[in-house]
file start-v4.cif (mmCIF, N, CA and C atoms)
data_model
loop_
_atom_site.label_atom_id
_atom_site.label_comp_id
_atom_site.auth_asym_id
_atom_site.auth_seq_id
_atom_site.Cartn_x
_atom_site.Cartn_y
_atom_site.Cartn_z
N MET V 18 28.96 -8.76 3.81
CA MET V 18 29.72 -9.47 2.82
C MET V 18 31.01 -10.01 3.42
N THR V 19 31.56 -9.26 4.32
CA THR V 19 32.78 -9.71 4.99
C THR V 19 32.51 -10.96 5.80
N VAL V 20 31.38 -10.98 6.49
CA VAL V 20 31.03 -12.13 7.33
C VAL V 20 30.81 -13.37 6.48
N SER V 21 30.20 -13.20 5.31
CA SER V 21 29.94 -14.37 4.45
C SER V 21 31.18 -14.83 3.70
N GLY V 22 32.26 -14.03 3.73
CA GLY V 22 33.50 -14.44 3.09
C GLY V 22 33.57 -14.12 1.61
N GLU V 23 32.62 -13.33 1.10
CA GLU V 23 32.64 -12.97 -0.31
C GLU V 23 33.71 -11.92 -0.57
N HIS V 24 34.32 -12.01 -1.73
CA HIS V 24 35.33 -11.03 -2.12
C HIS V 24 34.60 -9.81 -2.71
N PHE V 25 34.96 -8.62 -2.25
CA PHE V 25 34.39 -7.40 -2.80
C PHE V 25 35.40 -6.28 -2.68
N THR V 26 35.18 -5.25 -3.49
CA THR V 26 36.01 -4.05 -3.43
C THR V 26 35.10 -2.85 -3.24
N LEU V 27 35.68 -1.75 -2.81
CA LEU V 27 34.91 -0.52 -2.62
C LEU V 27 34.89 0.29 -3.91
N SER V 28 34.58 -0.37 -5.02
CA SER V 28 34.58 0.29 -6.32
C SER V 28 33.20 0.13 -6.96
N SER V 29 33.09 0.66 -8.18
CA SER V 29 31.83 0.50 -8.91
C SER V 29 31.94 -0.59 -9.97
N ASP V 30 32.84 -1.52 -9.76
CA ASP V 30 32.97 -2.66 -10.66
C ASP V 30 31.67 -3.46 -10.60
N PRO V 31 31.04 -3.76 -11.75
CA PRO V 31 29.74 -4.44 -11.72
C PRO V 31 29.78 -5.88 -11.21
N HIS V 32 30.96 -6.48 -11.10
CA HIS V 32 31.04 -7.87 -10.67
C HIS V 32 31.41 -8.03 -9.20
N VAL V 33 32.39 -7.27 -8.73
CA VAL V 33 32.84 -7.42 -7.34
C VAL V 33 32.80 -6.13 -6.55
N GLY V 34 32.37 -5.04 -7.17
CA GLY V 34 32.35 -3.75 -6.49
C GLY V 34 31.13 -3.58 -5.61
N LEU V 35 31.34 -3.01 -4.44
CA LEU V 35 30.24 -2.75 -3.52
C LEU V 35 29.24 -1.78 -4.15
N TRP V 36 29.72 -0.88 -5.00
CA TRP V 36 28.87 0.09 -5.67
C TRP V 36 28.63 -0.30 -7.13
N GLY V 37 28.75 -1.55 -7.47
CA GLY V 37 28.57 -2.00 -8.84
C GLY V 37 27.17 -1.83 -9.38
N TRP V 38 26.20 -1.77 -8.51
CA TRP V 38 24.82 -1.60 -8.95
C TRP V 38 24.56 -0.23 -9.55
N VAL V 39 25.44 0.75 -9.32
CA VAL V 39 25.24 2.08 -9.90
C VAL V 39 25.90 2.22 -11.26
N THR V 40 26.61 1.20 -11.71
CA THR V 40 27.26 1.25 -13.02
C THR V 40 26.18 1.22 -14.10
N PRO V 41 26.13 2.27 -14.94
CA PRO V 41 25.10 2.28 -16.00
C PRO V 41 25.39 1.22 -17.05
N ARG V 42 24.39 0.38 -17.30
CA ARG V 42 24.52 -0.65 -18.33
C ARG V 42 23.22 -0.68 -19.12
N LEU V 43 23.33 -0.80 -20.41
CA LEU V 43 22.17 -0.75 -21.29
C LEU V 43 21.23 -1.93 -21.05
N ASP V 44 21.76 -3.09 -20.69
CA ASP V 44 20.90 -4.25 -20.50
C ASP V 44 20.04 -4.13 -19.23
N ARG V 45 20.34 -3.20 -18.35
CA ARG V 45 19.55 -2.99 -17.14
C ARG V 45 18.50 -1.89 -17.30
N LEU V 46 18.56 -1.15 -18.41
CA LEU V 46 17.70 0.01 -18.58
C LEU V 46 16.22 -0.37 -18.62
N ALA V 47 15.86 -1.37 -19.37
CA ALA V 47 14.45 -1.76 -19.47
C ALA V 47 13.92 -2.23 -18.12
N THR V 48 14.72 -2.98 -17.40
CA THR V 48 14.32 -3.45 -16.08
C THR V 48 14.14 -2.28 -15.12
N GLU V 49 15.05 -1.34 -15.16
CA GLU V 49 14.97 -0.17 -14.27
C GLU V 49 13.76 0.69 -14.60
N VAL V 50 13.50 0.90 -15.88
CA VAL V 50 12.32 1.68 -16.28
C VAL V 50 11.06 0.97 -15.82
N TRP V 51 10.99 -0.33 -15.98
CA TRP V 51 9.83 -1.09 -15.52
C TRP V 51 9.64 -0.96 -14.01
N LEU V 52 10.72 -1.13 -13.26
CA LEU V 52 10.62 -1.04 -11.80
C LEU V 52 10.19 0.35 -11.35
N VAL V 53 10.74 1.38 -11.98
CA VAL V 53 10.42 2.75 -11.55
C VAL V 53 9.00 3.13 -11.96
N LEU V 54 8.68 2.97 -13.22
CA LEU V 54 7.38 3.45 -13.71
C LEU V 54 6.21 2.59 -13.26
N ILE V 55 6.32 1.31 -13.43
CA ILE V 55 5.18 0.44 -13.12
C ILE V 55 5.11 0.12 -11.64
N CYS V 56 6.17 -0.40 -11.09
CA CYS V 56 6.13 -0.86 -9.70
C CYS V 56 6.08 0.29 -8.71
N ASN V 57 7.03 1.20 -8.78
CA ASN V 57 7.08 2.28 -7.78
C ASN V 57 5.96 3.29 -7.96
N VAL V 58 5.84 3.85 -9.16
CA VAL V 58 4.80 4.87 -9.38
C VAL V 58 3.42 4.25 -9.24
N GLY V 59 3.20 3.09 -9.83
CA GLY V 59 1.90 2.43 -9.71
C GLY V 59 1.57 2.08 -8.27
N GLY V 60 2.56 1.62 -7.52
CA GLY V 60 2.33 1.29 -6.12
C GLY V 60 2.02 2.50 -5.27
N ILE V 61 2.75 3.58 -5.50
CA ILE V 61 2.51 4.80 -4.73
C ILE V 61 1.14 5.37 -5.04
N VAL V 62 0.76 5.40 -6.31
CA VAL V 62 -0.56 5.90 -6.69
C VAL V 62 -1.65 5.03 -6.06
N GLY V 63 -1.42 3.72 -6.03
CA GLY V 63 -2.38 2.82 -5.40
C GLY V 63 -2.54 3.10 -3.91
N TYR V 64 -1.43 3.31 -3.22
CA TYR V 64 -1.50 3.61 -1.79
C TYR V 64 -2.19 4.94 -1.53
N ILE V 65 -1.89 5.94 -2.35
CA ILE V 65 -2.54 7.25 -2.18
C ILE V 65 -4.04 7.14 -2.44
N ALA V 66 -4.42 6.39 -3.46
CA ALA V 66 -5.85 6.21 -3.75
C ALA V 66 -6.54 5.45 -2.62
N ALA V 67 -5.86 4.49 -2.02
CA ALA V 67 -6.46 3.72 -0.93
C ALA V 67 -6.64 4.55 0.33
N MET V 68 -5.85 5.61 0.49
CA MET V 68 -5.97 6.44 1.69
C MET V 68 -7.31 7.18 1.73
N LYS V 69 -8.00 7.23 0.61
CA LYS V 69 -9.34 7.82 0.58
C LYS V 69 -10.33 6.95 1.34
N TYR V 70 -10.06 5.66 1.39
CA TYR V 70 -11.00 4.72 1.98
C TYR V 70 -10.53 4.11 3.30
N PHE V 71 -9.23 4.14 3.59
CA PHE V 71 -8.70 3.51 4.79
C PHE V 71 -7.88 4.50 5.60
N GLU V 72 -7.71 4.20 6.86
CA GLU V 72 -6.86 5.00 7.74
C GLU V 72 -5.39 4.83 7.33
N PRO V 73 -4.56 5.85 7.53
CA PRO V 73 -3.14 5.73 7.19
C PRO V 73 -2.44 4.57 7.90
N LEU V 74 -2.89 4.23 9.10
CA LEU V 74 -2.28 3.11 9.82
C LEU V 74 -2.49 1.80 9.07
N VAL V 75 -3.65 1.61 8.50
CA VAL V 75 -3.94 0.39 7.74
C VAL V 75 -3.04 0.33 6.50
N ILE V 76 -2.89 1.46 5.83
CA ILE V 76 -2.06 1.51 4.62
C ILE V 76 -0.61 1.19 4.97
N SER V 77 -0.10 1.77 6.06
CA SER V 77 1.29 1.51 6.42
C SER V 77 1.51 0.06 6.83
N CYS V 78 0.53 -0.54 7.47
CA CYS V 78 0.66 -1.97 7.83
C CYS V 78 0.66 -2.84 6.57
N CYS V 79 -0.15 -2.47 5.60
CA CYS V 79 -0.16 -3.24 4.36
C CYS V 79 1.16 -3.10 3.61
N GLN V 80 1.83 -1.97 3.75
CA GLN V 80 3.14 -1.81 3.13
C GLN V 80 4.16 -2.77 3.75
N ASN V 81 3.96 -3.15 4.99
CA ASN V 81 4.87 -4.11 5.62
C ASN V 81 4.78 -5.49 4.99
N VAL V 82 3.70 -5.77 4.30
CA VAL V 82 3.51 -7.08 3.68
C VAL V 82 4.25 -7.16 2.34
N ASN V 83 4.64 -6.04 1.76
CA ASN V 83 5.31 -6.04 0.45
C ASN V 83 6.54 -6.95 0.38
N PRO V 84 7.47 -6.89 1.33
CA PRO V 84 8.63 -7.80 1.24
C PRO V 84 8.23 -9.28 1.30
N ILE V 85 7.21 -9.59 2.05
CA ILE V 85 6.76 -10.97 2.14
C ILE V 85 6.21 -11.43 0.80
N LEU V 86 5.38 -10.59 0.18
CA LEU V 86 4.82 -10.95 -1.13
C LEU V 86 5.92 -11.05 -2.18
N SER V 87 6.91 -10.18 -2.11
CA SER V 87 8.03 -10.26 -3.05
C SER V 87 8.78 -11.57 -2.89
N SER V 88 8.96 -12.01 -1.65
CA SER V 88 9.63 -13.28 -1.39
C SER V 88 8.83 -14.45 -1.98
N ILE V 89 7.52 -14.41 -1.79
CA ILE V 89 6.66 -15.48 -2.34
C ILE V 89 6.74 -15.50 -3.86
N PHE V 90 6.67 -14.33 -4.49
CA PHE V 90 6.73 -14.27 -5.95
C PHE V 90 8.09 -14.75 -6.47
N SER V 91 9.17 -14.40 -5.77
CA SER V 91 10.49 -14.82 -6.23
C SER V 91 10.66 -16.33 -6.12
N VAL V 92 10.07 -16.94 -5.11
CA VAL V 92 10.12 -18.40 -5.00
C VAL V 92 9.29 -19.04 -6.12
N MET V 93 8.12 -18.47 -6.39
CA MET V 93 7.27 -19.02 -7.46
C MET V 93 7.94 -18.89 -8.83
N LEU V 94 8.71 -17.82 -9.03
CA LEU V 94 9.41 -17.64 -10.31
C LEU V 94 10.70 -18.42 -10.38
N GLY V 95 11.13 -19.00 -9.26
CA GLY V 95 12.32 -19.84 -9.25
C GLY V 95 13.63 -19.07 -9.18
N VAL V 96 13.58 -17.82 -8.73
CA VAL V 96 14.82 -17.04 -8.63
C VAL V 96 15.35 -16.97 -7.20
N ASP V 97 14.63 -17.54 -6.26
CA ASP V 97 15.05 -17.54 -4.86
C ASP V 97 14.71 -18.90 -4.24
N PRO V 98 15.50 -19.32 -3.27
CA PRO V 98 15.15 -20.56 -2.57
C PRO V 98 13.98 -20.32 -1.63
N PRO V 99 13.30 -21.36 -1.21
CA PRO V 99 12.19 -21.19 -0.26
C PRO V 99 12.70 -20.57 1.04
N PRO V 100 11.84 -19.82 1.73
CA PRO V 100 12.27 -19.17 2.97
C PRO V 100 12.58 -20.19 4.07
N THR V 101 13.45 -19.79 4.96
CA THR V 101 13.81 -20.63 6.09
C THR V 101 12.67 -20.62 7.11
N PRO V 102 12.66 -21.56 8.05
CA PRO V 102 11.62 -21.55 9.08
C PRO V 102 11.58 -20.25 9.89
N LEU V 103 12.73 -19.66 10.13
CA LEU V 103 12.76 -18.39 10.86
C LEU V 103 12.09 -17.28 10.04
N ALA V 104 12.31 -17.26 8.73
CA ALA V 104 11.68 -16.27 7.87
C ALA V 104 10.16 -16.47 7.83
N VAL V 105 9.73 -17.72 7.79
CA VAL V 105 8.29 -18.01 7.80
C VAL V 105 7.67 -17.56 9.12
N PHE V 106 8.37 -17.77 10.21
CA PHE V 106 7.89 -17.32 11.52
C PHE V 106 7.76 -15.79 11.56
N GLY V 107 8.77 -15.09 11.04
CA GLY V 107 8.71 -13.63 10.98
C GLY V 107 7.59 -13.14 10.09
N ASP V 108 7.39 -13.82 8.95
CA ASP V 108 6.29 -13.45 8.06
C ASP V 108 4.94 -13.64 8.74
N ALA V 109 4.82 -14.70 9.50
CA ALA V 109 3.56 -14.95 10.22
C ALA V 109 3.28 -13.85 11.24
N ILE V 110 4.33 -13.36 11.90
CA ILE V 110 4.15 -12.27 12.86
C ILE V 110 3.69 -11.00 12.15
N VAL V 111 4.30 -10.70 11.00
CA VAL V 111 3.90 -9.50 10.24
C VAL V 111 2.47 -9.63 9.76
N PHE V 112 2.11 -10.80 9.20
CA PHE V 112 0.73 -11.01 8.74
C PHE V 112 -0.25 -10.91 9.91
N GLY V 113 0.11 -11.49 11.05
CA GLY V 113 -0.77 -11.43 12.22
C GLY V 113 -0.98 -10.01 12.70
N GLY V 114 0.09 -9.22 12.77
CA GLY V 114 -0.03 -7.82 13.19
C GLY V 114 -0.86 -7.01 12.21
N THR V 115 -0.66 -7.25 10.93
CA THR V 115 -1.44 -6.54 9.91
C THR V 115 -2.91 -6.92 10.02
N TYR V 116 -3.20 -8.19 10.22
CA TYR V 116 -4.59 -8.63 10.38
C TYR V 116 -5.24 -7.97 11.59
N MET V 117 -4.50 -7.89 12.71
CA MET V 117 -5.08 -7.29 13.91
C MET V 117 -5.38 -5.81 13.70
N VAL V 118 -4.50 -5.09 13.01
CA VAL V 118 -4.75 -3.67 12.77
C VAL V 118 -5.97 -3.48 11.86
N ILE V 119 -6.04 -4.26 10.79
CA ILE V 119 -7.15 -4.10 9.85
C ILE V 119 -8.46 -4.51 10.50
N SER V 120 -8.46 -5.58 11.27
CA SER V 120 -9.72 -6.00 11.91
C SER V 120 -10.15 -5.02 12.99
N SER V 121 -9.21 -4.39 13.69
CA SER V 121 -9.61 -3.40 14.70
C SER V 121 -10.14 -2.14 14.04
N GLU V 122 -9.62 -1.79 12.87
CA GLU V 122 -10.14 -0.63 12.15
C GLU V 122 -11.54 -0.92 11.62
N ALA V 123 -11.79 -2.16 11.22
CA ALA V 123 -13.11 -2.51 10.71
C ALA V 123 -14.17 -2.42 11.82
N LYS V 124 -13.79 -2.70 13.04
CA LYS V 124 -14.73 -2.61 14.16
C LYS V 124 -15.03 -1.16 14.52
N LYS V 125 -14.14 -0.22 14.17
CA LYS V 125 -14.36 1.18 14.48
C LYS V 125 -15.31 1.86 13.50
N THR V 126 -15.62 1.21 12.40
CA THR V 126 -16.48 1.81 11.40
C THR V 126 -17.85 2.08 12.00
N GLU V 127 -18.33 3.28 11.78
CA GLU V 127 -19.60 3.70 12.35
C GLU V 127 -20.56 4.06 11.23
N VAL V 128 -21.78 3.54 11.30
CA VAL V 128 -22.79 3.83 10.31
C VAL V 128 -23.71 4.90 10.88
N THR V 129 -23.90 5.97 10.13
CA THR V 129 -24.75 7.07 10.58
C THR V 129 -25.85 7.29 9.56
N ASP V 130 -27.06 7.41 10.03
CA ASP V 130 -28.19 7.72 9.15
C ASP V 130 -28.19 9.23 8.94
N VAL V 131 -27.82 9.65 7.75
CA VAL V 131 -27.69 11.08 7.49
C VAL V 131 -29.05 11.76 7.31
N LYS V 132 -30.11 10.98 7.15
CA LYS V 132 -31.44 11.59 7.01
C LYS V 132 -31.82 12.34 8.28
N GLU V 133 -31.48 11.77 9.44
CA GLU V 133 -31.80 12.45 10.70
C GLU V 133 -31.03 13.75 10.84
N VAL V 134 -29.75 13.73 10.47
CA VAL V 134 -28.94 14.94 10.55
C VAL V 134 -29.46 15.98 9.56
N ALA V 135 -29.84 15.54 8.37
CA ALA V 135 -30.37 16.48 7.37
C ALA V 135 -31.67 17.11 7.85
N ARG V 136 -32.53 16.33 8.45
CA ARG V 136 -33.81 16.88 8.95
C ARG V 136 -33.56 17.89 10.07
N ASP V 137 -32.57 17.59 10.94
CA ASP V 137 -32.24 18.52 12.02
C ASP V 137 -31.74 19.86 11.49
N ARG V 138 -31.12 19.84 10.33
CA ARG V 138 -30.58 21.07 9.75
C ARG V 138 -31.54 21.74 8.78
N GLY V 139 -32.74 21.24 8.67
CA GLY V 139 -33.74 21.87 7.82
C GLY V 139 -33.83 21.34 6.41
N TYR V 140 -33.17 20.22 6.12
CA TYR V 140 -33.23 19.63 4.79
C TYR V 140 -34.26 18.51 4.77
N THR V 141 -34.90 18.34 3.61
CA THR V 141 -35.77 17.21 3.40
C THR V 141 -35.20 16.41 2.25
N VAL V 142 -35.07 15.13 2.45
CA VAL V 142 -34.57 14.26 1.39
C VAL V 142 -35.76 13.52 0.82
N GLU V 143 -36.20 13.96 -0.39
CA GLU V 143 -37.36 13.33 -1.02
C GLU V 143 -36.97 12.03 -1.70
N ASN V 144 -35.87 12.06 -2.43
CA ASN V 144 -35.30 10.85 -3.02
C ASN V 144 -33.81 11.10 -3.23
N LYS V 145 -33.13 10.17 -3.87
CA LYS V 145 -31.68 10.31 -3.99
C LYS V 145 -31.27 11.47 -4.88
N GLU V 146 -32.12 11.87 -5.85
CA GLU V 146 -31.74 12.91 -6.78
C GLU V 146 -32.17 14.30 -6.32
N THR V 147 -33.21 14.41 -5.51
CA THR V 147 -33.78 15.70 -5.18
C THR V 147 -33.61 16.00 -3.71
N ARG V 148 -33.00 17.11 -3.41
CA ARG V 148 -32.86 17.57 -2.04
C ARG V 148 -33.25 19.04 -2.01
N THR V 149 -34.18 19.40 -1.15
CA THR V 149 -34.63 20.80 -1.09
C THR V 149 -34.62 21.27 0.34
N LEU V 150 -34.50 22.56 0.52
CA LEU V 150 -34.61 23.16 1.83
C LEU V 150 -36.08 23.38 2.17
N LEU V 151 -36.42 23.20 3.41
CA LEU V 151 -37.78 23.48 3.84
C LEU V 151 -38.11 24.95 3.61
N ASP V 152 -37.12 25.82 3.80
CA ASP V 152 -37.35 27.25 3.59
C ASP V 152 -37.72 27.54 2.15
N ASP V 153 -37.13 26.83 1.18
CA ASP V 153 -37.45 27.06 -0.22
C ASP V 153 -38.88 26.63 -0.54
N LYS V 154 -39.40 25.59 0.10
CA LYS V 154 -40.77 25.14 -0.12
C LYS V 154 -41.78 26.15 0.41
N GLU V 155 -41.41 26.80 1.51
CA GLU V 155 -42.34 27.75 2.13
C GLU V 155 -42.42 29.05 1.35
N ARG V 156 -41.44 29.42 0.57
CA ARG V 156 -41.45 30.68 -0.19
C ARG V 156 -42.37 30.65 -1.33
#
call {"tool": "encode", "arguments": {"input": "start-v4.cif", "output": "structure tokens"}}
result
Amino acid sequence: MTVSGEHFTLSSDPHVGLWGWVTPRLDRLATEVWLVLICNVGGIVGYIAAMKYFEPLVISCCQNVNPILSSIFSVMLGVDPPPTPLAVFGDAIVFGGTYMVISSEAKKTEVTDVKEVARDRGYTVENKETRTLLDDKER
């Protein structure tokens, strides 16, 4: 703020205070509740649920895309100016790195026929609903 020449104080004044964002105001309550409950909690639950299907590295790379998507949405809503060429270049690097991580993880996926493993362990798979041990059939 000093570099940009803006006037500020080290107080919690909501207009010029460096800590003005912590001043409790009733008109900010609905926005804060929305951000906390929907955006943060919903986003965290989504990331945790996705970890069941993807490697943690893929999830963390996708988290890097969040600021870029926020920038795009803010431009579409008209609350921010379009990004500068340097910002677009940086966004392209982040998108490229994320794409490389996700595509390399997709190549690591291995398909295994579990029927062979089941037969080696003494199981017979008759159909999707019925699985019996060979030992049980012999008794």
call {"tool": "select_by_dssp", "arguments": {"input": "start-v4.cif", "residues": "chain V", "states": "alpha helix (DSSP H)", "output": "VMD selection string"}}
result
chain V and resid 46 to 50 59 to 67 73 to 80 83 to 94 102 to 125 131 to 137 151 to 155
call {"tool": "select_by_dssp", "arguments": {"input": "start-v4.cif", "residues": "chain V", "states": "strand (DSSP E)", "output": "number ranges by chain"}}
result
V: 140-142, 148-150
call {"tool": "write_last_selection", "arguments": {"input": "start-v4.cif", "atoms": "N, CA and C atoms", "output": "PDB file, keeping the file's coordinate frame"}}
result
ATOM      1  N   TYR V 140     -33.170  20.220   6.120  1.00  0.00           N
ATOM      2  CA  TYR V 140     -33.230  19.630   4.790  1.00  0.00           C
ATOM      3  C   TYR V 140     -34.260  18.510   4.770  1.00  0.00           C
ATOM      4  N   THR V 141     -34.900  18.340   3.610  1.00  0.00           N
ATOM      5  CA  THR V 141     -35.770  17.210   3.400  1.00  0.00           C
ATOM      6  C   THR V 141     -35.200  16.410   2.250  1.00  0.00           C
ATOM      7  N   VAL V 142     -35.070  15.130   2.450  1.00  0.00           N
ATOM      8  CA  VAL V 142     -34.570  14.260   1.390  1.00  0.00           C
ATOM      9  C   VAL V 142     -35.760  13.520   0.820  1.00  0.00           C
ATOM     10  N   ARG V 148     -33.000  17.110  -3.410  1.00  0.00           N
ATOM     11  CA  ARG V 148     -32.860  17.570  -2.040  1.00  0.00           C
ATOM     12  C   ARG V 148     -33.250  19.040  -2.010  1.00  0.00           C
ATOM     13  N   THR V 149     -34.180  19.400  -1.150  1.00  0.00           N
ATOM     14  CA  THR V 149     -34.630  20.800  -1.090  1.00  0.00           C
ATOM     15  C   THR V 149     -34.620  21.270   0.340  1.00  0.00           C
ATOM     16  N   LEU V 150     -34.500  22.560   0.520  1.00  0.00           N
ATOM     17  CA  LEU V 150     -34.610  23.160   1.830  1.00  0.00           C
ATOM     18  C   LEU V 150     -36.080  23.380   2.170  1.00  0.00           C
TER      19      LEU V 150
END
call {"tool": "resolve_selection", "arguments": {"input": "start-v4.cif", "expression": "the PyMOL selection byres (((chain V and resi 83 and name CA) around 12) and name CA)", "output": "list in words"}}
result
Cys56, Asn57, Gly60, Ile76, Ser77, Cys78, Cys79, Gln80, Asn81, Val82, Pro84, Ile85, Leu86, Ser87, Ser88, Ile89, Phe90, Asp108, Val111, Phe112 and Thr115 of chain V
call {"tool": "write_last_selection", "arguments": {"input": "start-v4.cif", "atoms": "N, CA and C atoms", "output": "PDB file, in the frame of the given file"}}
result
ATOM      1  N   CYS V  56       6.170  -0.400 -11.090  1.00  0.00           N
ATOM      2  CA  CYS V  56       6.130  -0.860  -9.700  1.00  0.00           C
ATOM      3  C   CYS V  56       6.080   0.290  -8.710  1.00  0.00           C
ATOM      4  N   ASN V  57       7.030   1.200  -8.780  1.00  0.00           N
ATOM      5  CA  ASN V  57       7.080   2.280  -7.780  1.00  0.00           C
ATOM      6  C   ASN V  57       5.960   3.290  -7.960  1.00  0.00           C
ATOM      7  N   GLY V  60       2.560   1.620  -7.520  1.00  0.00           N
ATOM      8  CA  GLY V  60       2.330   1.290  -6.120  1.00  0.00           C
ATOM      9  C   GLY V  60       2.020   2.500  -5.270  1.00  0.00           C
ATOM     10  N   ILE V  76      -2.890   1.460   5.830  1.00  0.00           N
ATOM     11  CA  ILE V  76      -2.060   1.510   4.620  1.00  0.00           C
ATOM     12  C   ILE V  76      -0.610   1.190   4.970  1.00  0.00           C
ATOM     13  N   SER V  77      -0.100   1.770   6.060  1.00  0.00           N
ATOM     14  CA  SER V  77       1.290   1.510   6.420  1.00  0.00           C
ATOM     15  C   SER V  77       1.510   0.060   6.830  1.00  0.00           C
ATOM     16  N   CYS V  78       0.530  -0.540   7.470  1.00  0.00           N
ATOM     17  CA  CYS V  78       0.660  -1.970   7.830  1.00  0.00           C
ATOM     18  C   CYS V  78       0.660  -2.840   6.570  1.00  0.00           C
ATOM     19  N   CYS V  79      -0.150  -2.470   5.600  1.00  0.00           N
ATOM     20  CA  CYS V  79      -0.160  -3.240   4.360  1.00  0.00           C
ATOM     21  C   CYS V  79       1.160  -3.100   3.610  1.00  0.00           C
ATOM     22  N   GLN V  80       1.830  -1.970   3.750  1.00  0.00           N
ATOM     23  CA  GLN V  80       3.140  -1.810   3.130  1.00  0.00           C
ATOM     24  C   GLN V  80       4.160  -2.770   3.750  1.00  0.00           C
ATOM     25  N   ASN V  81       3.960  -3.150   4.990  1.00  0.00           N
ATOM     26  CA  ASN V  81       4.870  -4.110   5.620  1.00  0.00           C
ATOM     27  C   ASN V  81       4.780  -5.490   4.990  1.00  0.00           C
ATOM     28  N   VAL V  82       3.700  -5.770   4.300  1.00  0.00           N
ATOM     29  CA  VAL V  82       3.510  -7.080   3.680  1.00  0.00           C
ATOM     30  C   VAL V  82       4.250  -7.160   2.340  1.00  0.00           C
ATOM     31  N   PRO V  84       7.470  -6.890   1.330  1.00  0.00           N
ATOM     32  CA  PRO V  84       8.630  -7.800   1.240  1.00  0.00           C
ATOM     33  C   PRO V  84       8.230  -9.280   1.300  1.00  0.00           C
ATOM     34  N   ILE V  85       7.210  -9.590   2.050  1.00  0.00           N
ATOM     35  CA  ILE V  85       6.760 -10.970   2.140  1.00  0.00           C
ATOM     36  C   ILE V  85       6.210 -11.430   0.800  1.00  0.00           C
ATOM     37  N   LEU V  86       5.380 -10.590   0.180  1.00  0.00           N
ATOM     38  CA  LEU V  86       4.820 -10.950  -1.130  1.00  0.00           C
ATOM     39  C   LEU V  86       5.920 -11.050  -2.180  1.00  0.00           C
ATOM     40  N   SER V  87       6.910 -10.180  -2.110  1.00  0.00           N
ATOM     41  CA  SER V  87       8.030 -10.260  -3.050  1.00  0.00           C
ATOM     42  C   SER V  87       8.780 -11.570  -2.890  1.00  0.00           C
ATOM     43  N   SER V  88       8.960 -12.010  -1.650  1.00  0.00           N
ATOM     44  CA  SER V  88       9.630 -13.280  -1.390  1.00  0.00           C
ATOM     45  C   SER V  88       8.830 -14.450  -1.980  1.00  0.00           C
ATOM     46  N   ILE V  89       7.520 -14.410  -1.790  1.00  0.00           N
ATOM     47  CA  ILE V  89       6.660 -15.480  -2.340  1.00  0.00           C
ATOM     48  C   ILE V  89       6.740 -15.500  -3.860  1.00  0.00           C
ATOM     49  N   PHE V  90       6.670 -14.330  -4.490  1.00  0.00           N
ATOM     50  CA  PHE V  90       6.730 -14.270  -5.950  1.00  0.00           C
ATOM     51  C   PHE V  90       8.090 -14.750  -6.470  1.00  0.00           C
ATOM     52  N   ASP V 108       7.390 -13.820   8.950  1.00  0.00           N
ATOM     53  CA  ASP V 108       6.290 -13.450   8.060  1.00  0.00           C
ATOM     54  C   ASP V 108       4.940 -13.640   8.740  1.00  0.00           C
ATOM     55  N   VAL V 111       4.300 -10.700  11.000  1.00  0.00           N
ATOM     56  CA  VAL V 111       3.900  -9.500  10.240  1.00  0.00           C
ATOM     57  C   VAL V 111       2.470  -9.630   9.760  1.00  0.00           C
ATOM     58  N   PHE V 112       2.110 -10.800   9.200  1.00  0.00           N
ATOM     59  CA  PHE V 112       0.730 -11.010   8.740  1.00  0.00           C
ATOM     60  C   PHE V 112      -0.250 -10.910   9.910  1.00  0.00           C
ATOM     61  N   THR V 115      -0.660  -7.250  10.930  1.00  0.00           N
ATOM     62  CA  THR V 115      -1.440  -6.540   9.910  1.00  0.00           C
ATOM     63  C   THR V 115      -2.910  -6.920  10.020  1.00  0.00           C
TER      64      THR V 115
END
call {"tool": "atom_distance", "arguments": {"input": "start-v4.cif", "atom1": "atom N of Pro73 of chain V", "atom2": "atom CA of Glu122 of chain V"}}
result
9.7 Å
call {"tool": "atom_distance", "arguments": {"input": "start-v4.cif", "atom1": "atom N of Arg138 of chain V", "atom2": "atom N of Phe71 of chain V"}}
result
27.8 Å
call {"tool": "atom_distance", "arguments": {"input": "start-v4.cif", "atom1": "atom C of Thr26 of chain V", "atom2": "atom CA of Thr40 of chain V"}}
result
13.2 Å
call {"tool": "residues_around", "arguments": {"input": "start-v4.cif", "residues": "Phe25 of chain V", "least_positions_apart": "6", "cutoff": "6.5 Å", "atoms": "only N, CA and C atoms", "output": "count of residues only"}}
result
3
